[in-house]
>>> print(open('final08.pdb').read())   # PDB, C-alpha atoms and all ligand atoms
ATOM      1  CA  MET A   1      71.047 119.557 170.351
ATOM      2  CA  LYS A   2      71.358 118.511 166.699
ATOM      3  CA  ILE A   3      71.588 114.777 166.038
ATOM      4  CA  GLY A   4      72.585 113.177 162.736
ATOM      5  CA  ILE A   5      71.365 109.748 161.675
ATOM      6  CA  VAL A   6      72.887 107.963 158.691
ATOM      7  CA  GLY A   7      70.807 105.068 157.329
ATOM      8  CA  LEU A   8      67.063 105.502 157.787
ATOM      9  CA  GLY A   9      66.049 101.878 158.309
ATOM     10  CA  LEU A  10      64.500 100.074 161.272
ATOM     11  CA  ILE A  11      67.046 101.264 163.857
ATOM     12  CA  GLY A  12      67.900 104.660 162.328
ATOM     13  CA  GLY A  13      64.247 105.519 161.684
ATOM     14  CA  SER A  14      63.114 104.400 165.144
ATOM     15  CA  LEU A  15      65.932 106.411 166.714
ATOM     16  CA  GLY A  16      64.785 109.485 164.774
ATOM     17  CA  ILE A  17      61.182 109.139 165.968
ATOM     18  CA  ASP A  18      62.160 108.826 169.649
ATOM     19  CA  LEU A  19      64.869 111.499 169.657
ATOM     20  CA  ARG A  20      62.518 113.993 168.048
ATOM     21  CA  ALA A  21      59.879 113.108 170.628
ATOM     22  CA  CYS A  22      62.490 114.059 173.280
ATOM     23  CA  GLY A  23      62.815 117.503 171.694
ATOM     24  CA  LEU A  24      66.097 116.962 169.841
ATOM     25  CA  GLU A  25      66.594 118.165 166.280
ATOM     26  CA  VAL A  26      67.243 115.251 163.925
ATOM     27  CA  ILE A  27      68.971 115.410 160.528
ATOM     28  CA  GLY A  28      68.532 112.159 158.597
ATOM     29  CA  ILE A  29      70.786 110.968 155.790
ATOM     30  CA  SER A  30      69.601 108.354 153.340
ATOM     31  CA  ARG A  31      70.935 107.125 150.016
ATOM     32  CA  HIS A  32      67.512 107.609 148.435
ATOM     33  CA  GLN A  33      65.371 110.721 147.868
ATOM     34  CA  GLU A  34      62.247 108.603 148.268
ATOM     35  CA  THR A  35      63.328 107.509 151.780
ATOM     36  CA  CYS A  36      64.020 111.174 152.676
ATOM     37  CA  LYS A  37      60.491 112.039 151.556
ATOM     38  CA  ILE A  38      58.944 109.253 153.661
ATOM     39  CA  ALA A  39      61.084 110.205 156.682
ATOM     40  CA  LEU A  40      59.847 113.808 156.493
ATOM     41  CA  GLU A  41      56.219 112.814 155.898
ATOM     42  CA  ARG A  42      56.244 110.422 158.868
ATOM     43  CA  GLY A  43      57.945 112.963 161.147
ATOM     44  CA  ILE A  44      60.946 110.681 161.642
ATOM     45  CA  VAL A  45      63.388 113.565 161.046
ATOM     46  CA  ASP A  46      63.346 117.373 161.008
ATOM     47  CA  GLU A  47      65.476 117.481 157.866
ATOM     48  CA  ALA A  48      66.411 114.747 155.431
ATOM     49  CA  SER A  49      69.043 114.690 152.727
ATOM     50  CA  VAL A  50      71.063 112.427 150.481
ATOM     51  CA  HIS A  51      74.094 114.688 151.030
ATOM     52  CA  LEU A  52      76.507 113.858 153.844
ATOM     53  CA  SER A  53      77.527 117.540 154.004
ATOM     54  CA  GLN A  54      74.242 118.165 155.870
ATOM     55  CA  LEU A  55      75.885 116.539 158.893
ATOM     56  CA  SER A  56      78.366 119.387 159.326
ATOM     57  CA  THR A  57      76.291 121.161 161.998
ATOM     58  CA  THR A  58      75.363 118.063 164.032
ATOM     59  CA  GLU A  59      76.890 117.283 167.452
ATOM     60  CA  ILE A  60      76.301 113.550 167.676
ATOM     61  CA  ILE A  61      75.918 111.262 164.657
ATOM     62  CA  PHE A  62      74.489 107.742 164.836
ATOM     63  CA  ILE A  63      75.622 105.456 162.007
ATOM     64  CA  CYS A  64      72.699 103.072 161.472
ATOM     65  CA  THR A  65      73.774 101.270 158.301
ATOM     66  CA  PRO A  66      74.414  97.518 157.963
ATOM     67  CA  ILE A  67      77.647  96.472 159.715
ATOM     68  CA  ALA A  68      79.683  96.218 156.496
ATOM     69  CA  ALA A  69      78.873  99.846 155.605
ATOM     70  CA  ILE A  70      79.742 101.398 158.999
ATOM     71  CA  PHE A  71      83.502 101.917 158.497
ATOM     72  CA  PRO A  72      83.154 103.189 154.886
ATOM     73  CA  THR A  73      80.412 105.573 156.075
ATOM     74  CA  VAL A  74      82.621 106.940 158.877
ATOM     75  CA  GLN A  75      85.392 107.481 156.308
ATOM     76  CA  LYS A  76      82.992 109.352 154.024
ATOM     77  CA  ILE A  77      81.473 111.680 156.667
ATOM     78  CA  ILE A  78      84.718 112.722 158.396
ATOM     79  CA  PRO A  79      85.634 115.445 155.872
ATOM     80  CA  TYR A  80      82.404 117.308 156.765
ATOM     81  CA  LEU A  81      82.779 117.232 160.567
ATOM     82  CA  SER A  82      84.400 119.396 163.203
ATOM     83  CA  PHE A  83      86.718 117.587 165.618
ATOM     84  CA  GLU A  84      84.292 117.735 168.569
ATOM     85  CA  THR A  85      81.545 115.853 166.716
ATOM     86  CA  ILE A  86      80.794 112.481 168.269
ATOM     87  CA  ILE A  87      80.273 109.513 165.956
ATOM     88  CA  ALA A  88      78.392 106.581 167.461
ATOM     89  CA  ASP A  89      77.367 103.395 165.672
ATOM     90  CA  VAL A  90      74.593 100.888 166.427
ATOM     91  CA  GLY A  91      76.065  97.716 164.867
ATOM     92  CA  SER A  92      75.239  94.360 166.454
ATOM     93  CA  VAL A  93      78.942  93.405 166.623
ATOM     94  CA  LYS A  94      81.474  95.703 168.255
ATOM     95  CA  LYS A  95      85.120  94.564 168.181
ATOM     96  CA  PRO A  96      85.827  94.793 164.412
ATOM     97  CA  ILE A  97      83.911  98.072 164.073
ATOM     98  CA  VAL A  98      85.586  99.732 167.064
ATOM     99  CA  GLU A  99      89.016  98.500 165.958
ATOM    100  CA  GLU A 100      88.540 100.070 162.522
ATOM    101  CA  CYS A 101      86.754 103.293 163.435
ATOM    102  CA  SER A 102      88.445 104.378 166.686
ATOM    103  CA  PRO A 103      91.864 105.075 165.130
ATOM    104  CA  LEU A 104      90.089 107.172 162.507
ATOM    105  CA  TRP A 105      88.075 109.405 164.849
ATOM    106  CA  LYS A 106      88.953 110.298 168.447
ATOM    107  CA  ASN A 107      85.309 110.846 169.412
ATOM    108  CA  PHE A 108      84.065 107.502 168.105
ATOM    109  CA  LEU A 109      81.982 105.361 170.438
ATOM    110  CA  GLY A 110      80.676 101.878 169.639
ATOM    111  CA  GLY A 111      77.151 101.077 170.777
ATOM    112  CA  HIS A 112      74.489  98.417 170.399
ATOM    113  CA  PRO A 113      70.808  98.912 171.181
ATOM    114  CA  MET A 114      69.471  95.473 172.101
ATOM    115  CA  ALA A 115      66.131  96.036 170.409
ATOM    116  CA  GLY A 116      64.700  95.144 167.029
ATOM    117  CA  THR A 117      61.985  93.427 165.036
ATOM    118  CA  ALA A 118      62.054  90.973 162.127
ATOM    119  CA  ASP A 119      61.402  93.836 159.676
ATOM    120  CA  GLN A 120      63.749  96.228 157.947
ATOM    121  CA  GLY A 121      63.798  99.543 156.113
ATOM    122  CA  ILE A 122      62.096 102.837 156.899
ATOM    123  CA  ASP A 123      58.621 101.290 156.897
ATOM    124  CA  ALA A 124      59.676  99.201 159.909
ATOM    125  CA  ALA A 125      60.621 102.283 161.989
ATOM    126  CA  GLN A 126      58.486 102.576 165.107
ATOM    127  CA  LYS A 127      58.250 104.628 168.260
ATOM    128  CA  ASP A 128      59.436 103.393 171.668
ATOM    129  CA  LEU A 129      61.515 100.603 170.121
ATOM    130  CA  PHE A 130      64.296 101.209 172.662
ATOM    131  CA  LYS A 131      62.128 101.825 175.730
ATOM    132  CA  GLY A 132      63.097  99.447 178.535
ATOM    133  CA  ALA A 133      65.687  97.716 176.330
ATOM    134  CA  SER A 134      69.392  97.376 177.078
ATOM    135  CA  TYR A 135      71.783  99.646 175.197
ATOM    136  CA  VAL A 136      75.460  98.676 175.369
ATOM    137  CA  LEU A 137      78.241 101.250 174.973
ATOM    138  CA  THR A 138      81.729  99.915 174.257
ATOM    139  CA  PRO A 139      84.419 102.557 174.850
ATOM    140  CA  THR A 140      88.120 101.730 174.602
ATOM    141  CA  GLU A 141      90.764 103.064 176.967
ATOM    142  CA  ASN A 142      91.283 105.932 174.506
ATOM    143  CA  THR A 143      87.625 107.014 174.224
ATOM    144  CA  PRO A 144      87.175 110.461 175.854
ATOM    145  CA  LEU A 145      84.983 110.238 178.978
ATOM    146  CA  GLU A 146      82.947 113.214 177.807
ATOM    147  CA  CYS A 147      82.037 111.292 174.656
ATOM    148  CA  VAL A 148      80.705 108.317 176.676
ATOM    149  CA  LYS A 149      78.828 110.677 179.003
ATOM    150  CA  LYS A 150      77.075 112.499 176.144
ATOM    151  CA  VAL A 151      75.993 109.343 174.300
ATOM    152  CA  ALA A 152      74.857 107.749 177.587
ATOM    153  CA  GLU A 153      72.666 110.816 178.201
ATOM    154  CA  ILE A 154      71.022 110.365 174.788
ATOM    155  CA  VAL A 155      70.494 106.653 175.447
ATOM    156  CA  GLN A 156      68.828 107.473 178.763
ATOM    157  CA  LEU A 157      66.466 109.839 176.944
ATOM    158  CA  LEU A 158      65.331 106.791 174.959
ATOM    159  CA  LYS A 159      64.505 105.147 178.320
ATOM    160  CA  SER A 160      66.996 102.386 177.560
ATOM    161  CA  ASN A 161      69.209 100.813 180.228
ATOM    162  CA  VAL A 162      72.852 101.684 179.626
ATOM    163  CA  TYR A 163      75.553  99.021 179.981
ATOM    164  CA  ILE A 164      79.218  99.801 179.505
ATOM    165  CA  CYS A 165      81.777  97.134 178.629
ATOM    166  CA  SER A 166      84.691  96.477 176.289
ATOM    167  CA  PRO A 167      83.980  95.526 172.657
ATOM    168  CA  ASP A 168      85.407  91.987 173.208
ATOM    169  CA  VAL A 169      83.248  91.313 176.243
ATOM    170  CA  HIS A 170      80.196  92.606 174.358
ATOM    171  CA  ASP A 171      80.836  90.299 171.393
ATOM    172  CA  ARG A 172      81.290  87.206 173.567
ATOM    173  CA  ALA A 173      78.154  87.950 175.597
ATOM    174  CA  VAL A 174      75.899  88.655 172.600
ATOM    175  CA  ALA A 175      77.158  85.519 170.857
ATOM    176  CA  TRP A 176      75.347  83.538 173.604
ATOM    177  CA  ILE A 177      72.097  85.434 173.875
ATOM    178  CA  SER A 178      71.613  86.921 170.410
ATOM    179  CA  HIS A 179      73.771  85.395 167.666
ATOM    180  CA  LEU A 180      73.609  81.724 168.789
ATOM    181  CA  PRO A 181      69.788  81.867 169.154
ATOM    182  CA  VAL A 182      69.484  83.179 165.564
ATOM    183  CA  MET A 183      71.455  80.205 164.192
ATOM    184  CA  VAL A 184      69.722  77.659 166.440
ATOM    185  CA  SER A 185      66.308  79.032 165.540
ATOM    186  CA  ALA A 186      67.144  79.031 161.795
ATOM    187  CA  SER A 187      68.344  75.414 162.012
ATOM    188  CA  LEU A 188      65.119  74.458 163.815
ATOM    189  CA  ILE A 189      63.097  75.839 160.884
ATOM    190  CA  GLN A 190      65.355  74.032 158.381
ATOM    191  CA  ALA A 191      65.190  70.746 160.304
ATOM    192  CA  CYS A 192      61.407  70.885 160.371
ATOM    193  CA  MET A 193      61.262  71.557 156.613
ATOM    194  CA  ASN A 194      63.246  68.328 156.064
ATOM    195  CA  GLU A 195      60.090  66.312 156.671
ATOM    196  CA  THR A 196      59.555  64.570 153.332
ATOM    197  CA  ASN A 197      55.999  63.369 153.960
ATOM    198  CA  LEU A 198      53.819  66.221 152.707
ATOM    199  CA  GLU A 199      50.780  65.159 154.727
ATOM    200  CA  ILE A 200      52.821  65.250 157.975
ATOM    201  CA  LEU A 201      54.365  68.597 157.069
ATOM    202  CA  GLN A 202      50.970  70.135 156.307
ATOM    203  CA  LEU A 203      49.503  68.867 159.582
ATOM    204  CA  ALA A 204      52.539  70.162 161.499
ATOM    205  CA  GLN A 205      51.995  73.547 159.864
ATOM    206  CA  GLN A 206      48.336  73.588 160.896
ATOM    207  CA  LEU A 207      49.191  72.569 164.464
ATOM    208  CA  ALA A 208      52.105  74.959 164.919
ATOM    209  CA  SER A 209      51.225  77.540 167.548
ATOM    210  CA  SER A 210      52.952  79.676 170.173
ATOM    211  CA  GLY A 211      55.792  77.218 170.949
ATOM    212  CA  PHE A 212      56.983  77.018 167.355
ATOM    213  CA  ARG A 213      56.249  80.684 166.787
ATOM    214  CA  ASP A 214      58.468  81.669 169.765
ATOM    215  CA  THR A 215      61.338  79.312 169.001
ATOM    216  CA  SER A 216      61.435  80.083 165.260
ATOM    217  CA  ARG A 217      60.999  83.871 165.549
ATOM    218  CA  VAL A 218      64.626  85.016 165.579
ATOM    219  CA  GLY A 219      65.643  82.466 162.928
ATOM    220  CA  GLY A 220      63.021  83.895 160.579
ATOM    221  CA  GLY A 221      64.356  87.469 160.831
ATOM    222  CA  ASN A 222      66.452  89.675 158.517
ATOM    223  CA  PRO A 223      68.904  87.262 156.767
ATOM    224  CA  GLU A 224      71.376  90.054 155.994
ATOM    225  CA  LEU A 225      71.696  90.781 159.706
ATOM    226  CA  GLY A 226      72.259  87.094 160.525
ATOM    227  CA  VAL A 227      75.063  86.833 157.955
ATOM    228  CA  MET A 228      76.671  89.998 159.339
ATOM    229  CA  MET A 229      76.573  88.586 162.881
ATOM    230  CA  ALA A 230      78.306  85.410 161.663
ATOM    231  CA  ARG A 231      80.832  87.242 159.513
ATOM    232  CA  TYR A 232      81.840  89.841 162.059
ATOM    233  CA  ASN A 233      81.515  87.775 165.248
ATOM    234  CA  ARG A 234      82.706  84.522 163.655
ATOM    235  CA  GLN A 235      85.012  83.291 166.394
ATOM    236  CA  GLU A 236      82.639  83.890 169.296
ATOM    237  CA  LEU A 237      79.667  82.538 167.380
ATOM    238  CA  LEU A 238      81.561  79.362 166.425
ATOM    239  CA  ARG A 239      82.638  78.920 170.048
ATOM    240  CA  SER A 240      79.014  79.075 171.219
ATOM    241  CA  LEU A 241      77.782  76.849 168.351
ATOM    242  CA  PHE A 242      80.363  74.131 169.194
ATOM    243  CA  GLN A 243      79.234  74.223 172.817
ATOM    244  CA  TYR A 244      75.614  74.036 171.669
ATOM    245  CA  ARG A 245      76.402  71.007 169.475
ATOM    246  CA  GLN A 246      77.878  69.268 172.523
ATOM    247  CA  ASN A 247      74.730  69.918 174.530
ATOM    248  CA  LEU A 248      72.549  68.690 171.668
ATOM    249  CA  ASP A 249      74.634  65.487 171.377
ATOM    250  CA  GLN A 250      74.236  64.975 175.111
ATOM    251  CA  LEU A 251      70.448  65.190 174.766
ATOM    252  CA  ILE A 252      70.465  62.783 171.792
ATOM    253  CA  GLU A 253      72.541  60.326 173.809
ATOM    254  CA  GLN A 254      70.113  60.346 176.770
ATOM    255  CA  ILE A 255      67.151  59.748 174.464
ATOM    256  CA  GLU A 256      68.897  57.008 172.425
ATOM    257  CA  GLN A 257      69.857  55.228 175.627
ATOM    258  CA  GLU A 258      66.386  55.798 177.099
ATOM    259  CA  ASN A 259      68.076  57.382 180.072
ATOM    260  CA  TRP A 260      64.987  59.196 181.308
ATOM    261  CA  ASP A 261      66.471  60.081 184.719
ATOM    262  CA  ASN A 262      69.379  61.939 183.133
ATOM    263  CA  LEU A 263      67.096  63.623 180.641
ATOM    264  CA  SER A 264      64.804  64.692 183.471
ATOM    265  CA  LYS A 265      67.789  66.115 185.360
ATOM    266  CA  ILE A 266      68.973  68.102 182.312
ATOM    267  CA  LEU A 267      65.484  69.508 181.716
ATOM    268  CA  SER A 268      64.947  70.324 185.413
ATOM    269  CA  ASP A 269      68.301  72.131 185.527
ATOM    270  CA  SER A 270      67.338  74.075 182.389
ATOM    271  CA  GLN A 271      64.022  75.074 183.921
ATOM    272  CA  LYS A 272      65.684  76.378 187.117
ATOM    273  CA  VAL A 273      68.576  78.068 185.347
ATOM    274  CA  ARG A 274      66.302  79.854 182.846
ATOM    275  CA  THR A 275      64.247  81.424 185.627
ATOM    276  CA  ARG A 276      67.397  82.612 187.418
ATOM    277  CA  PHE A 277      69.095  83.795 184.202
ATOM    278  CA  LEU A 278      66.142  85.881 183.020
ATOM    279  CA  SER A 279      65.121  87.265 186.422
TER     280      SER A 279
HETATM  281  P1  LIG B 301      67.796  98.196 157.985
HETATM  282  O1  LIG B 301      66.387  98.337 158.424
HETATM  283  O2  LIG B 301      68.094  97.416 156.759
HETATM  284  O3  LIG B 301      68.411  99.658 157.876
HETATM  285  C1  LIG B 301      69.715  99.914 157.448
HETATM  286  C2  LIG B 301      69.690 101.158 156.574
HETATM  287  O4  LIG B 301      71.039 101.463 156.211
HETATM  288  C3  LIG B 301      68.943 100.957 155.252
HETATM  289  O5  LIG B 301      67.571 101.195 155.387
HETATM  290  C4  LIG B 301      69.630 101.963 154.376
HETATM  291  O6  LIG B 301      69.066 103.234 154.632
HETATM  292  C5  LIG B 301      71.061 102.020 154.883
HETATM  293  N1  LIG B 301      71.971 101.205 154.070
HETATM  294  C6  LIG B 301      71.768  99.951 153.593
HETATM  295  N2  LIG B 301      72.830  99.522 152.906
HETATM  296  C7  LIG B 301      73.735 100.537 152.931
HETATM  297  C8  LIG B 301      75.034 100.711 152.385
HETATM  298  N3  LIG B 301      75.616  99.750 151.669
HETATM  299  N4  LIG B 301      75.651 101.892 152.613
HETATM  300  C9  LIG B 301      75.075 102.865 153.333
HETATM  301  N5  LIG B 301      73.832 102.757 153.865
HETATM  302  C10 LIG B 301      73.187 101.604 153.674
HETATM  303  O7  LIG B 301      68.690  97.510 159.127
HETATM  304  P2  LIG B 301      68.597  97.719 160.710
HETATM  305  O8  LIG B 301      67.949  96.538 161.291
HETATM  306  O9  LIG B 301      68.093  99.084 161.017
HETATM  307  O10 LIG B 301      70.141  97.610 161.080
HETATM  308  C11 LIG B 301      70.989  98.730 161.052
HETATM  309  C12 LIG B 301      72.123  98.503 162.022
HETATM  310  O11 LIG B 301      71.590  98.278 163.314
HETATM  311  C13 LIG B 301      72.989  97.292 161.686
HETATM  312  O12 LIG B 301      74.349  97.628 161.849
HETATM  313  C14 LIG B 301      72.570  96.257 162.726
HETATM  314  O13 LIG B 301      73.637  95.405 163.089
HETATM  315  C15 LIG B 301      72.136  97.119 163.883
HETATM  316  N6  LIG B 301      71.109  96.548 164.764
HETATM  317  C16 LIG B 301      70.034  95.898 164.238
HETATM  318  C17 LIG B 301      69.087  95.358 165.106
HETATM  319  C18 LIG B 301      67.876  94.616 164.591
HETATM  320  O14 LIG B 301      67.308  93.811 165.317
HETATM  321  N7  LIG B 301      67.452  94.841 163.389
HETATM  322  C19 LIG B 301      69.224  95.528 166.483
HETATM  323  C20 LIG B 301      70.313  96.239 166.973
HETATM  324  C21 LIG B 301      71.264  96.747 166.104
HETATM  325  P3  LIG B 301      68.893 104.305 153.456
HETATM  326  O15 LIG B 301      68.099 103.572 152.410
HETATM  327  O16 LIG B 301      68.159 105.382 154.156
HETATM  328  O17 LIG B 301      70.241 104.723 152.967
END
>>> encode(input="final08.pdb", output="structure tokens")
Amino acid sequence: MKIGIVGLGLIGGSLGIDLRACGLEVIGISRHQETCKIALERGIVDEASVHLSQLSTTEIIFICTPIAAIFPTVQKIIPYLSFETIIADVGSVKKPIVEECSPLWKNFLGGHPMAGTADQGIDAAQKDLFKGASYVLTPTENTPLECVKKVAEIVQLLKSNVYICSPDVHDRAVAWISHLPVMVSASLIQACMNETNLEILQLAQQLASSGFRDTSRVGGGNPELGVMMARYNRQELLRSLFQYRQNLDQLIEQIEQENWDNLSKILSDSQKVRTRFLS
């Protein structure tokens, strides 16, 4: 089977490496000749080109560009495709993308691999990025079943766990576990940098270890991706942020009032719930 990948960055490049390792033929499309050269040298793709016309013989195409470029890319590739070609995207937000792209192409299927690193671009591409990770597919009532089946088969080749849900449900769920943590983690970094005493800040920096590293990790990732999450999942992200602010205020109140019993109860609940939630 011939797979097309548009956008040879972290996700597109990693997808190329793993799909080739599964024996599939991968045609990569980049905007830059230099990226094509690197992709070929690193064995990320079988063929690489800056011309979208190269996609004409592919059966399934993964659009791996930033969210804002997904719809324009679908518009641009359509003239080169036969009607049976499946277009799948990997954007971190689903509702706006699916709403725009589905009316344009019958065989369009939204998807979101829940895997990544803080790096970007082709140099960040790595093997086994998707192994053991969740991969959400978001068909609509009009998506052909065959289209979902074929993309799910590819996802299983990556050894990812397939989840199927509507784009709305996806966006609300990821707001809690992916988009809210990015904003909370970024605000933690910012809050810490507000320390005006340089000596304290320097000592804090020297003492910072795994706790700060873990809690600040997602806030220190690709800023472009964070902005896209906020822009395209604005309503759900705001909803979760307002709830988070309430919980933060509740914690502040317990500490201001020295209400250690209540604070202990909140922290004990969190400890129990976290174990259950992540099990
Ligand atoms: P990335 O490393 O920056 O790769 C995106 C690639 O898209 C770039 O390397 C570039 O490839 C191409 N591109 C950039 N701007 C473009 C434009 N204006 N028009 C067309 N192509 C453009 O980003 P990524 O992390 O792989 O993210 C790609 C997609 O995956 C995003 O939609 C994101 O929401 C989603 N995603 C990301 C993560 C994550 O943790 N990073 C996880 C799951 C899903 P060329 O230079 O080859 O053209």
>>> residues_near_ligand(input="final08.pdb", ligand="ligand LIG 301 (chain B)", cutoff="9 Å", atoms="all atoms listed in the file", output="NGL selection string")
:A and (6-14 or 28-36 or 39 or 50 or 63-70 or 72-73 or 89-93 or 111-125 or 221-222 or 224-226 or 228-229)
>>> residues_near_point(input="final08.pdb", point="(86.0, 100.8, 160.3)", cutoff="6 Å", atoms="all atoms listed in the file", output="list in words")
Phe71, Ile97, Glu100 and Cys101 of chain A
>>> resolve_selection(input="final08.pdb", expression="the PyMOL selection byres (((chain A and resi 52) around 12) and not hetatm)", output="number ranges by chain")
A: 4-7, 27-31, 48-51, 53-58, 61, 63, 73-81
>>> closest_residue(input="final08.pdb", among="A:Pro167, A:Gly220, A:Pro181, A:Gly110", to="Cys147 in chain A", atoms="all atoms listed in the file")
A:Gly110
>>> residues_around(input="final08.pdb", residues="Cys192 in chain A", least_positions_apart="4", cutoff="9 Å", atoms="only C-alpha atoms", output="ChimeraX atom specification")
/A:187-188,201,204
>>> resolve_selection(input="final08.pdb", expression="the PyMOL selection byres (((chain A and resi 84) around 8) and not hetatm)", output="MDAnalysis selection string")
chainID A and resid 59 82:83 85:86 107
>>> atom_distance(input="final08.pdb", atom1="CA of Glu47 in chain A", atom2="CA of Val26 in chain A")
6.7 Å
>>> atom_distance(input="final08.pdb", atom1="CA of Leu157 in chain A", atom2="CA of Cys22 in chain A")
6.9 Å
>>> residues_around(input="final08.pdb", residues="Tyr163 in chain A", least_positions_apart="4", cutoff="12 Å", atoms="only C-alpha atoms", output="list in words")
Gly110, Gly111, His112, Pro113, Met114, Ala133, Ser134, Tyr135, Val136, Leu137, Thr138, Pro139, Val148, Val151, Ala152, Val155, Gln156, Pro167, Val169 and His170 of chain A
>>> atom_distance(input="final08.pdb", atom1="CA of Lys131 in chain A", atom2="CA of Lys159 in chain A")
4.8 Å
>>> closest_residue(input="final08.pdb", among="A:Cys165, A:Ile17, A:Val218, A:Leu207", to="Ile189 in chain A", atoms="only C-alpha atoms")
A:Val218
>>> closest_residue(input="final08.pdb", among="A:Leu237, A:Val273, A:Leu15, A:Leu180", to="Gln126 in chain A", atoms="all atoms listed in the file")
A:Leu15
>>> resolve_selection(input="final08.pdb", expression="the PyMOL selection byres (((chain A and resi 239) around 12) and not hetatm)", output="list in words")
Asp171, Arg172, Ala173, Ala175, Trp176, His179, Leu180, Ala230, Asn233, Arg234, Gln235, Glu236, Leu237, Leu238, Ser240, Leu241, Phe242, Gln243, Tyr244, Arg245 and Gln246 of chain A
